[in-house]
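Participant: Below is the file entry.tsv, with TSV, C-alpha atoms and all ligand atoms.
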chain	number	residue	atom	x	y	z
A	17	MET	CA	1.11	79.69	93.91
A	18	ILE	CA	1.98	83.26	93.00
A	19	GLU	CA	3.48	85.62	95.59
A	20	GLU	CA	3.02	89.34	95.10
A	21	THR	CA	6.16	90.14	97.10
A	22	ILE	CA	8.33	88.07	94.75
A	23	ILE	CA	6.92	89.97	91.79
A	24	SER	CA	7.76	93.26	93.51
A	25	LYS	CA	11.29	92.12	94.41
A	26	ALA	CA	11.96	90.89	90.87
A	27	ILE	CA	10.93	94.20	89.34
A	28	ILE	CA	12.67	96.49	91.81
A	29	GLU	CA	15.92	94.50	92.02
A	30	SER	CA	16.21	94.02	88.27
A	31	TYR	CA	15.53	97.70	87.56
A	32	LEU	CA	17.85	99.00	90.26
A	33	ASN	CA	20.70	96.72	89.17
A	34	ASP	CA	20.37	98.13	85.67
A	35	LEU	CA	20.17	101.72	86.90
A	36	LEU	CA	23.18	101.34	89.23
A	37	ASP	CA	25.20	99.82	86.43
A	38	SER	CA	24.38	102.84	84.23
A	39	ILE	CA	25.78	105.54	86.51
A	40	GLU	CA	28.97	105.62	84.42
A	41	SER	CA	28.82	105.03	80.68
A	42	ASP	CA	30.40	105.90	77.36
A	43	VAL	CA	27.41	107.80	76.01
A	44	VAL	CA	24.23	109.19	77.52
A	45	ILE	CA	21.46	110.01	75.06
A	46	GLY	CA	18.50	112.25	75.88
A	47	GLY	CA	15.38	111.32	73.94
A	48	ALA	CA	14.12	108.05	72.44
A	49	GLY	CA	12.77	109.45	69.18
A	50	PRO	CA	13.99	107.99	65.88
A	51	SER	CA	17.35	109.80	65.94
A	52	GLY	CA	18.13	108.93	69.56
A	53	LEU	CA	17.13	105.29	69.12
A	54	CYS	CA	19.18	104.99	65.95
A	55	ALA	CA	22.22	106.53	67.65
A	56	ALA	CA	21.83	104.18	70.61
A	57	TYR	CA	21.47	101.15	68.33
A	58	TYR	CA	24.64	101.76	66.32
A	59	LEU	CA	26.70	102.56	69.43
A	60	ALA	CA	25.40	99.59	71.41
A	61	LYS	CA	25.88	97.25	68.46
A	62	ARG	CA	29.57	98.18	68.45
A	63	GLY	CA	29.83	97.33	72.15
A	64	PHE	CA	29.75	100.83	73.68
A	65	LYS	CA	27.94	101.35	76.96
A	66	VAL	CA	24.92	103.48	76.05
A	67	VAL	CA	22.34	104.86	78.45
A	68	LEU	CA	19.23	106.52	77.04
A	69	PHE	CA	16.81	108.57	79.14
A	70	GLU	CA	13.33	109.23	77.79
A	71	ARG	CA	10.89	111.60	79.46
A	72	ALA	CA	7.76	109.90	78.12
A	73	LEU	CA	6.10	106.59	78.88
A	74	LYS	CA	6.48	105.34	75.32
A	75	LEU	CA	9.45	105.11	72.99
A	76	GLY	CA	9.55	106.53	69.46
A	77	GLY	CA	9.14	110.27	70.10
A	78	GLY	CA	7.21	111.89	67.26
A	79	MET	CA	7.40	108.84	65.02
A	80	PRO	CA	4.28	106.84	65.97
A	81	GLY	CA	2.09	109.89	65.26
A	82	GLY	CA	3.10	109.79	61.58
A	83	GLY	CA	1.84	112.74	59.53
A	84	MET	CA	-1.04	114.46	61.30
A	85	MET	CA	-2.02	111.17	63.01
A	86	PHE	CA	-2.09	109.19	59.74
A	87	ASN	CA	0.20	106.52	61.10
A	88	ARG	CA	2.52	106.36	58.12
A	89	ILE	CA	5.86	108.01	57.47
A	90	VAL	CA	7.95	108.51	54.34
A	91	VAL	CA	11.62	107.67	54.02
A	92	GLN	CA	13.91	108.35	51.07
A	93	GLU	CA	17.19	106.86	49.88
A	94	PRO	CA	19.76	106.29	51.32
A	95	ALA	CA	17.87	106.08	54.66
A	96	ARG	CA	15.70	103.26	53.29
A	97	ARG	CA	18.67	100.97	53.88
A	98	ILE	CA	18.38	101.74	57.59
A	99	LEU	CA	14.78	100.47	57.42
A	100	ASP	CA	16.20	97.21	56.02
A	101	GLU	CA	18.72	97.01	58.87
A	102	PHE	CA	15.80	97.18	61.35
A	103	ASN	CA	13.60	94.80	59.28
A	104	ILE	CA	11.01	97.54	58.81
A	105	ARG	CA	8.82	96.82	55.79
A	106	CYS	CA	8.07	99.60	53.30
A	107	GLN	CA	6.55	100.18	49.88
A	108	GLU	CA	7.86	102.39	47.11
A	109	TYR	CA	4.99	104.83	46.61
A	110	GLN	CA	6.66	106.78	43.79
A	111	PRO	CA	10.27	106.47	42.65
A	112	GLY	CA	12.42	107.44	45.62
A	113	TYR	CA	9.56	107.78	48.16
A	114	PHE	CA	9.13	104.82	50.52
A	115	VAL	CA	6.10	104.71	52.79
A	116	THR	CA	6.02	102.64	55.96
A	117	SER	CA	3.95	102.18	59.11
A	118	SER	CA	5.06	104.64	61.76
A	119	LEU	CA	4.06	102.08	64.39
A	120	GLU	CA	6.13	99.28	62.89
A	121	ALA	CA	9.06	101.66	62.48
A	122	ALA	CA	8.96	102.95	66.06
A	123	ALA	CA	8.45	99.47	67.52
A	124	ALA	CA	11.27	97.96	65.46
A	125	LEU	CA	13.69	100.76	66.35
A	126	ALA	CA	12.94	100.29	70.04
A	127	ASP	CA	13.10	96.50	69.89
A	128	LYS	CA	16.42	96.23	68.05
A	129	THR	CA	18.02	99.00	70.09
A	130	LEU	CA	17.14	97.28	73.35
A	131	LYS	CA	18.32	93.93	72.03
A	132	ALA	CA	21.59	95.51	70.85
A	133	GLY	CA	22.25	96.24	74.54
A	134	ALA	CA	21.34	99.92	74.99
A	135	ARG	CA	19.97	100.61	78.46
A	136	ILE	CA	16.78	102.58	78.03
A	137	PHE	CA	15.05	104.26	80.95
A	138	ASN	CA	11.68	105.80	80.20
A	139	LEU	CA	9.83	108.22	82.47
A	140	ILE	CA	13.09	109.98	83.34
A	141	THR	CA	13.91	113.54	82.29
A	142	ILE	CA	17.34	115.08	81.80
A	143	GLU	CA	17.12	118.41	83.58
A	144	ASP	CA	20.75	119.52	83.60
A	145	VAL	CA	24.27	118.46	82.64
A	146	ILE	CA	27.55	117.97	84.48
A	147	VAL	CA	30.33	120.25	83.16
A	148	ARG	CA	34.02	119.78	83.97
A	149	GLU	CA	36.74	122.00	82.51
A	150	ASN	CA	34.34	123.39	79.92
A	151	CYS	CA	33.34	119.88	78.72
A	152	VAL	CA	29.99	118.18	79.21
A	153	SER	CA	30.68	115.03	81.20
A	154	GLY	CA	27.28	113.68	82.15
A	155	VAL	CA	23.67	114.47	82.89
A	156	VAL	CA	21.44	115.30	85.83
A	157	ILE	CA	18.16	113.40	85.90
A	158	ASN	CA	14.90	113.21	87.74
A	159	TRP	CA	11.64	111.29	87.42
A	160	SER	CA	9.40	112.89	84.79
A	161	SER	CA	6.55	112.67	87.28
A	162	VAL	CA	8.51	114.87	89.71
A	163	GLU	CA	8.95	117.43	86.94
A	164	MET	CA	5.25	117.24	85.99
A	165	ALA	CA	4.07	117.62	89.58
A	166	LYS	CA	6.55	120.49	90.08
A	167	LEU	CA	7.81	118.88	93.26
A	168	HIS	CA	10.94	120.27	94.85
A	169	ILE	CA	13.02	117.08	94.86
A	170	ASP	CA	16.73	117.13	94.07
A	171	PRO	CA	17.94	115.13	91.07
A	172	VAL	CA	20.84	112.66	90.73
A	173	SER	CA	23.79	112.60	88.29
A	174	PHE	CA	25.03	110.09	85.71
A	175	ALA	CA	28.54	110.45	84.24
A	176	SER	CA	29.42	109.75	80.61
A	177	ARG	CA	32.20	110.53	78.16
A	178	PHE	CA	29.74	111.98	75.67
A	179	VAL	CA	26.16	113.25	75.76
A	180	ILE	CA	23.82	113.31	72.76
A	181	ASP	CA	20.92	115.75	72.63
A	182	ALA	CA	18.20	113.85	70.73
A	183	THR	CA	15.35	115.72	72.39
A	184	GLY	CA	13.80	116.88	69.10
A	185	HIS	CA	12.33	120.33	68.40
A	186	PRO	CA	12.95	121.81	71.90
A	187	CYS	CA	16.67	120.76	71.89
A	188	GLU	CA	16.42	120.76	75.67
A	189	ILE	CA	19.94	119.71	76.57
A	190	ALA	CA	21.63	122.20	74.25
A	191	ARG	CA	19.25	124.86	75.56
A	192	ILE	CA	20.36	124.18	79.14
A	193	VAL	CA	24.02	124.36	78.11
A	194	GLU	CA	23.40	127.57	76.13
A	195	LYS	CA	21.79	129.18	79.17
A	196	LYS	CA	24.34	128.03	81.72
A	197	SER	CA	27.41	128.67	79.53
A	198	GLY	CA	26.27	132.19	78.75
A	199	GLY	CA	25.90	131.51	75.03
A	200	LYS	CA	29.06	129.53	74.22
A	201	LEU	CA	27.57	126.89	71.91
A	202	LEU	CA	29.56	125.94	68.79
A	203	THR	CA	27.03	127.71	66.56
A	204	PRO	CA	27.66	130.86	64.50
A	205	THR	CA	26.21	133.09	67.25
A	206	GLY	CA	27.07	130.91	70.25
A	207	ARG	CA	23.32	130.69	70.81
A	208	ILE	CA	20.56	128.38	69.63
A	209	GLU	CA	19.86	129.57	66.10
A	210	GLY	CA	16.23	128.36	66.12
A	211	GLU	CA	14.23	126.12	63.79
A	212	LYS	CA	12.97	127.62	60.51
A	213	SER	CA	9.76	126.99	58.52
A	214	MET	CA	9.08	123.91	56.40
A	215	TRP	CA	11.35	123.11	53.47
A	216	ALA	CA	11.70	119.34	53.36
A	217	GLU	CA	14.49	118.99	50.83
A	218	VAL	CA	16.81	121.51	52.44
A	219	ALA	CA	15.87	120.36	55.93
A	220	GLU	CA	16.69	116.71	55.33
A	221	GLN	CA	20.23	117.50	54.20
A	222	PHE	CA	20.63	120.15	56.90
A	223	THR	CA	19.82	117.63	59.63
A	224	VAL	CA	22.59	115.32	58.56
A	225	ASP	CA	25.14	118.07	57.87
A	226	ASN	CA	24.49	119.65	61.27
A	227	THR	CA	24.64	116.46	63.25
A	228	LYS	CA	27.75	117.43	65.16
A	229	GLU	CA	29.28	118.71	68.36
A	230	ALA	CA	27.39	121.71	69.78
A	231	PHE	CA	29.56	122.14	72.88
A	232	PRO	CA	32.64	120.13	73.92
A	233	ASN	CA	31.45	116.51	74.34
A	234	LEU	CA	27.79	117.42	73.64
A	235	TYR	CA	26.49	116.30	70.25
A	236	VAL	CA	23.14	117.08	68.68
A	237	CYS	CA	21.18	114.88	66.30
A	238	GLY	CA	17.75	114.74	64.65
A	239	MET	CA	15.43	117.70	64.98
A	240	ALA	CA	17.63	119.12	67.73
A	241	SER	CA	20.34	119.70	65.07
A	242	ASN	CA	17.96	121.83	63.01
A	243	ALA	CA	16.85	123.80	66.04
A	244	VAL	CA	20.37	124.39	67.38
A	245	PHE	CA	22.02	125.24	64.05
A	246	GLY	CA	19.03	127.04	62.48
A	247	GLY	CA	17.63	124.72	59.80
A	248	PRO	CA	14.12	124.34	58.42
A	249	ARG	CA	11.65	121.63	59.42
A	250	MET	CA	10.67	118.81	57.08
A	251	GLY	CA	7.33	117.34	58.19
A	252	PRO	CA	6.75	113.57	58.27
A	253	ILE	CA	9.73	112.45	56.20
A	254	PHE	CA	12.08	110.59	58.54
A	255	GLY	CA	15.15	109.68	56.48
A	256	GLY	CA	17.16	112.56	57.92
A	257	MET	CA	16.36	111.48	61.49
A	258	LEU	CA	17.61	107.94	60.88
A	259	LEU	CA	20.74	109.06	59.02
A	260	SER	CA	21.45	111.65	61.70
A	261	GLY	CA	21.26	109.01	64.46
A	262	LYS	CA	23.66	106.80	62.53
A	263	LYS	CA	26.01	109.71	61.85
A	264	VAL	CA	26.23	110.87	65.46
A	265	ALA	CA	27.06	107.31	66.51
A	266	GLU	CA	29.87	107.19	63.93
A	267	LEU	CA	31.24	110.59	64.99
A	268	ILE	CA	31.41	109.52	68.63
A	269	MET	CA	32.90	106.10	67.80
A	270	LYS	CA	35.79	107.90	66.11
A	271	LYS	CA	36.45	109.93	69.28
A	272	ILE	CA	36.13	107.20	71.89
A	301	LIG	C1	14.52	113.09	78.36
A	301	LIG	C2	13.42	114.10	76.60
A	301	LIG	C3	13.75	115.37	77.08
A	301	LIG	C4	14.53	115.46	78.28
A	301	LIG	C5	12.59	115.64	75.29
A	301	LIG	O1	10.89	114.57	68.90
A	301	LIG	P1	11.58	113.29	68.69
A	301	LIG	O2	10.91	112.27	67.85
A	301	LIG	O3	13.07	113.63	68.14
A	301	LIG	P2	13.86	113.22	66.81
A	301	LIG	O4	14.75	114.36	66.56
A	301	LIG	O5	14.49	111.90	66.96
A	301	LIG	O6	12.77	113.12	65.68
A	301	LIG	C6	12.06	114.23	65.30
A	301	LIG	C7	10.74	113.81	64.65
A	301	LIG	O7	9.96	113.03	65.53
A	301	LIG	C8	10.01	115.06	64.29
A	301	LIG	O8	9.47	115.70	65.21
A	301	LIG	C9	10.01	115.55	62.94
A	301	LIG	C10	10.64	114.81	61.84
A	301	LIG	N1	9.43	116.71	62.74
A	301	LIG	C11	9.40	117.43	61.51
A	301	LIG	C12	8.48	118.61	61.61
A	301	LIG	O9	8.43	119.37	60.63
A	301	LIG	O10	7.80	118.80	62.64
A	301	LIG	O11	11.89	112.62	70.09
A	301	LIG	C13	12.46	113.37	71.12
A	301	LIG	C14	12.24	112.61	72.42
A	301	LIG	C15	10.76	112.61	72.87
A	301	LIG	O12	10.35	111.29	73.06
A	301	LIG	C16	10.75	113.41	74.16
A	301	LIG	O13	9.85	112.91	75.12
A	301	LIG	C17	12.18	113.23	74.63
A	301	LIG	O14	12.96	113.26	73.44
A	301	LIG	N2	12.69	114.30	75.48
A	301	LIG	N3	13.79	112.97	77.22
A	301	LIG	N4	14.89	114.29	78.88
A	301	LIG	N5	14.89	116.64	78.81
A	301	LIG	N6	13.23	116.31	76.25
Please rewrite the model in this file as structure tokens.

Facilitator:
Amino acid sequence: MIEETIISKAIIESYLNDLLDSIESDVVIGGAGPSGLCAAYYLAKRGFKVVLFERALKLGGGMPGGGMMFNRIVVQEPARRILDEFNIRCQEYQPGYFVTSSLEAAAALADKTLKAGARIFNLITIEDVIVRENCVSGVVINWSSVEMAKLHIDPVSFASRFVIDATGHPCEIARIVEKKSGGKLLTPTGRIEGEKSMWAEVAEQFTVDNTKEAFPNLYVCGMASNAVFGGPRMGPIFGGMLLSGKKVAELIMKKI
């Protein structure tokens, strides 16, 4: 015999227990693309309490789409070693260029990150941050469906010691902070410098170099780093995203 009400109770109670237990954490990450998942994995693996909010239904951000819907991505050294860490298979296409399935990569990142203990909540959007004494100290969230339907429903807040903006090209969290701080980001102009046109080689290095603090206790990684600090885009090469996720985790581990 199967009772529908037991199914409902199991789902609601299990989810709410997880959500309640996530109201205070070490790190909140916005965005479950490759950089956000990688950051969450390395932090969770070291035992930190990591909460990741993802606006979309699926995990992986821009990764599953590969290059122009050809569901393959390219990764270079030294990021290929991160593929090994996640048991993602790849082939060396030409010396130094490793090609892999964007589906396998996104699925493996999500799987290992969840199993490492990161709490991932999809269908939730970060719409604001908490700021105390000029430091970011948490996020303000709402259901993505509320945002999409443009309903006037107040959000709720989750506190954390650090916040990572891994929201990709739109760098949404840094953009909110830029707007509400009156342009006091830790960038050369205090503002979002804006993403530049394609130049893969420069962009890949730029992403990693500019994976850093963009406002006290707010870090940026992945494509958000390029957008905030003014670097070019790189197209469907993903090594920089993976290395950036790992780097932001290491930077925060040193500060916790
Ligand atoms: C919750 C949010 C919010 C929000 C957005 O775009 P992503 O895949 O980000 P990265 O930086 O890990 O990877 C970038 C890569 O996919 C890419 O676009 C590349 C390499 N482009 C190169 C080029 O030349 O174009 O993932 C960001 C995630 C998405 O899943 C969004 O839904 C999510 O963040 N998100 N989640 N609250 N406010 N905003």

Participant: Rounded to one decimal place, report the CA of Ala123 (chain A)-CA of Ile98 (chain A) distance in Å.

Facilitator: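 We find that CA of Ala123 (chain A) and CA of Ile98 (chain A) lie 14.2 Å from each other.
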
Participant: With 6 Å as the cut-off and all atoms listed in the file counted, what is the closest atom pair between each nearby residue of chain A and ligand LIG 301 (chain A)? Distances in Å to one decimal, ordered by chain and number, as CSV.

Facilitator:
residue,atom,partner,partner_atom,distance
A:Gly46,CA,A:LIG301,C1,4.8
A:Gly47,CA,A:LIG301,O14,3.1
A:Ala48,CA,A:LIG301,C14,4.9
A:Gly49,CA,A:LIG301,O11,3.4
A:Pro50,CA,A:LIG301,O5,4.1
A:Ser51,CA,A:LIG301,O5,3.7
A:Gly52,CA,A:LIG301,O5,5.4
A:Phe69,CA,A:LIG301,C1,5.1
A:Glu70,CA,A:LIG301,N3,3.8
A:Arg71,CA,A:LIG301,N3,3.9
A:Ala72,CA,A:LIG301,O13,4.7
A:Gly77,CA,A:LIG301,O12,3.4
A:Gly78,CA,A:LIG301,O7,3.4
A:Met79,CA,A:LIG301,O7,4.9
A:Thr141,CA,A:LIG301,N4,3.6
A:Ile142,CA,A:LIG301,N4,3.9
A:Glu143,CA,A:LIG301,N5,5.6
A:Ala182,CA,A:LIG301,O4,5.4
A:Thr183,CA,A:LIG301,O14,3.6
A:Gly184,CA,A:LIG301,O3,3.5
A:His185,CA,A:LIG301,O1,6.0
A:Glu188,CA,A:LIG301,N5,5.4
A:Gly238,CA,A:LIG301,O4,3.6
A:Met239,CA,A:LIG301,O4,3.8
A:Ala240,CA,A:LIG301,O4,5.7
A:Arg249,CA,A:LIG301,O9,4.1
A:Met250,CA,A:LIG301,O9,4.2
A:Gly251,CA,A:LIG301,O9,3.4
A:Pro252,CA,A:LIG301,C10,5.4
A:Phe254,CA,A:LIG301,C10,5.5
A:Met257,CA,A:LIG301,O6,5.8

Participant: How about saving the chosen residues, C-alpha atoms kept, as a PDB file, keeping the file's coordinate frame?

Facilitator:
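Writing the result to part.pdb gives the following:
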ATOM      1  CA  GLY A  46      18.500 112.250  75.880  1.00  0.00           C
ATOM      2  CA  GLY A  47      15.380 111.320  73.940  1.00  0.00           C
ATOM      3  CA  ALA A  48      14.120 108.050  72.440  1.00  0.00           C
ATOM      4  CA  GLY A  49      12.770 109.450  69.180  1.00  0.00           C
ATOM      5  CA  PRO A  50      13.990 107.990  65.880  1.00  0.00           C
ATOM      6  CA  SER A  51      17.350 109.800  65.940  1.00  0.00           C
ATOM      7  CA  GLY A  52      18.130 108.930  69.560  1.00  0.00           C
ATOM      8  CA  PHE A  69      16.810 108.570  79.140  1.00  0.00           C
ATOM      9  CA  GLU A  70      13.330 109.230  77.790  1.00  0.00           C
ATOM     10  CA  ARG A  71      10.890 111.600  79.460  1.00  0.00           C
ATOM     11  CA  ALA A  72       7.760 109.900  78.120  1.00  0.00           C
ATOM     12  CA  GLY A  77       9.140 110.270  70.100  1.00  0.00           C
ATOM     13  CA  GLY A  78       7.210 111.890  67.260  1.00  0.00           C
ATOM     14  CA  MET A  79       7.400 108.840  65.020  1.00  0.00           C
ATOM     15  CA  THR A 141      13.910 113.540  82.290  1.00  0.00           C
ATOM     16  CA  ILE A 142      17.340 115.080  81.800  1.00  0.00           C
ATOM     17  CA  GLU A 143      17.120 118.410  83.580  1.00  0.00           C
ATOM     18  CA  ALA A 182      18.200 113.850  70.730  1.00  0.00           C
ATOM     19  CA  THR A 183      15.350 115.720  72.390  1.00  0.00           C
ATOM     20  CA  GLY A 184      13.800 116.880  69.100  1.00  0.00           C
ATOM     21  CA  HIS A 185      12.330 120.330  68.400  1.00  0.00           C
ATOM     22  CA  GLU A 188      16.420 120.760  75.670  1.00  0.00           C
ATOM     23  CA  GLY A 238      17.750 114.740  64.650  1.00  0.00           C
ATOM     24  CA  MET A 239      15.430 117.700  64.980  1.00  0.00           C
ATOM     25  CA  ALA A 240      17.630 119.120  67.730  1.00  0.00           C
ATOM     26  CA  ARG A 249      11.650 121.630  59.420  1.00  0.00           C
ATOM     27  CA  MET A 250      10.670 118.810  57.080  1.00  0.00           C
ATOM     28  CA  GLY A 251       7.330 117.340  58.190  1.00  0.00           C
ATOM     29  CA  PRO A 252       6.750 113.570  58.270  1.00  0.00           C
ATOM     30  CA  PHE A 254      12.080 110.590  58.540  1.00  0.00           C
ATOM     31  CA  MET A 257      16.360 111.480  61.490  1.00  0.00           C
TER      32      MET A 257
END

Participant: Pick out the residues sitting within 9 Å of Ser38 (chain A), and hand them over as a PDB file with C-alpha atoms, in the frame of the given file; count all atoms listed in the file, and ignore anything fewer than 5 positions along from it in its own chain.

Facilitator:
ATOM      1  CA  ASN A  33      20.700  96.720  89.170  1.00  0.00           C
ATOM      2  CA  LYS A  65      27.940 101.350  76.960  1.00  0.00           C
ATOM      3  CA  VAL A  66      24.920 103.480  76.050  1.00  0.00           C
ATOM      4  CA  VAL A  67      22.340 104.860  78.450  1.00  0.00           C
ATOM      5  CA  ARG A 135      19.970 100.610  78.460  1.00  0.00           C
ATOM      6  CA  PHE A 174      25.030 110.090  85.710  1.00  0.00           C
ATOM      7  CA  ALA A 175      28.540 110.450  84.240  1.00  0.00           C
TER       8      ALA A 175
END

Participant: Using all atoms listed in the file, which residue out of A:Pro80, A:Gly198, A:Gly255, A:Pro186 lies closest to Asn242 (chain A)?

Facilitator: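 Ranking A:Pro80, A:Gly198, A:Gly255, A:Pro186 by distance to Asn242 (chain A), first place goes to A:Pro186.
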
Participant: Which value, in Å to one decimal, gives the distance between CA of Ser118 (chain A) and CA of Lys228 (chain A)?

Facilitator: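 These atoms are spaced 26.3 Å apart.
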
Participant: Which distance in Å separates CA of Tyr235 (chain A) and CA of Glu194 (chain A), to one decimal?

Facilitator: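 Interatomic distance here is 13.1 Å.
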
Participant: Please provide as an NGL selection string all residues within 12 Å of Gln110 (chain A), with the sequence filter that same-chain residues fewer than 5 positions apart are discarded (counting only C-alpha atoms).

Facilitator: :A and (90-92 or 115)

Participant: Taking 2 positions as the minimum chain separation for residues in the same chain, which residues sit within 12 Å of Ile268 (chain A) when counting all atoms listed in the file? Answer as a VMD selection string.

Facilitator: chain A and resid 42 to 45 55 to 56 58 to 60 62 64 66 177 to 180 227 to 229 232 to 237 261 to 266 270 to 272

Participant: Identify which of the residues A:Asn103, A:Asn150, A:Ser30, A:Thr116 lies closest to Lys200 (chain A), counting all atoms listed in the file when measuring atom-to-atom distances.

Facilitator: A:Asn150

Participant: Each side padded by 6 Å, which centre and which edge lengths in Å (one decimal) define the axis-aligned box around the listed atoms of region 57-68 of chain A? Give them as lines of an AutoDock Vina configuration file.

Facilitator:
center_x = 24.5
center_y = 101.9
center_z = 72.4
size_x = 22.6
size_y = 21.3
size_z = 24.1

Participant: When distances are computed from only C-alpha atoms, which of A:Leu125, A:Val147, A:Ala219, A:Val155 shows the smallest separation from Ser41 (chain A)?

Facilitator: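 Of A:Leu125, A:Val147, A:Ala219, A:Val155, the one nearest Ser41 (chain A), counting only C-alpha atoms, is A:Val155.
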
Participant: When you count all atoms listed in the file, which of these residues is closest to Val152 (chain A): A:Ser241, A:Ser176, A:Gln221, A:Ser260?

Facilitator: A:Ser176
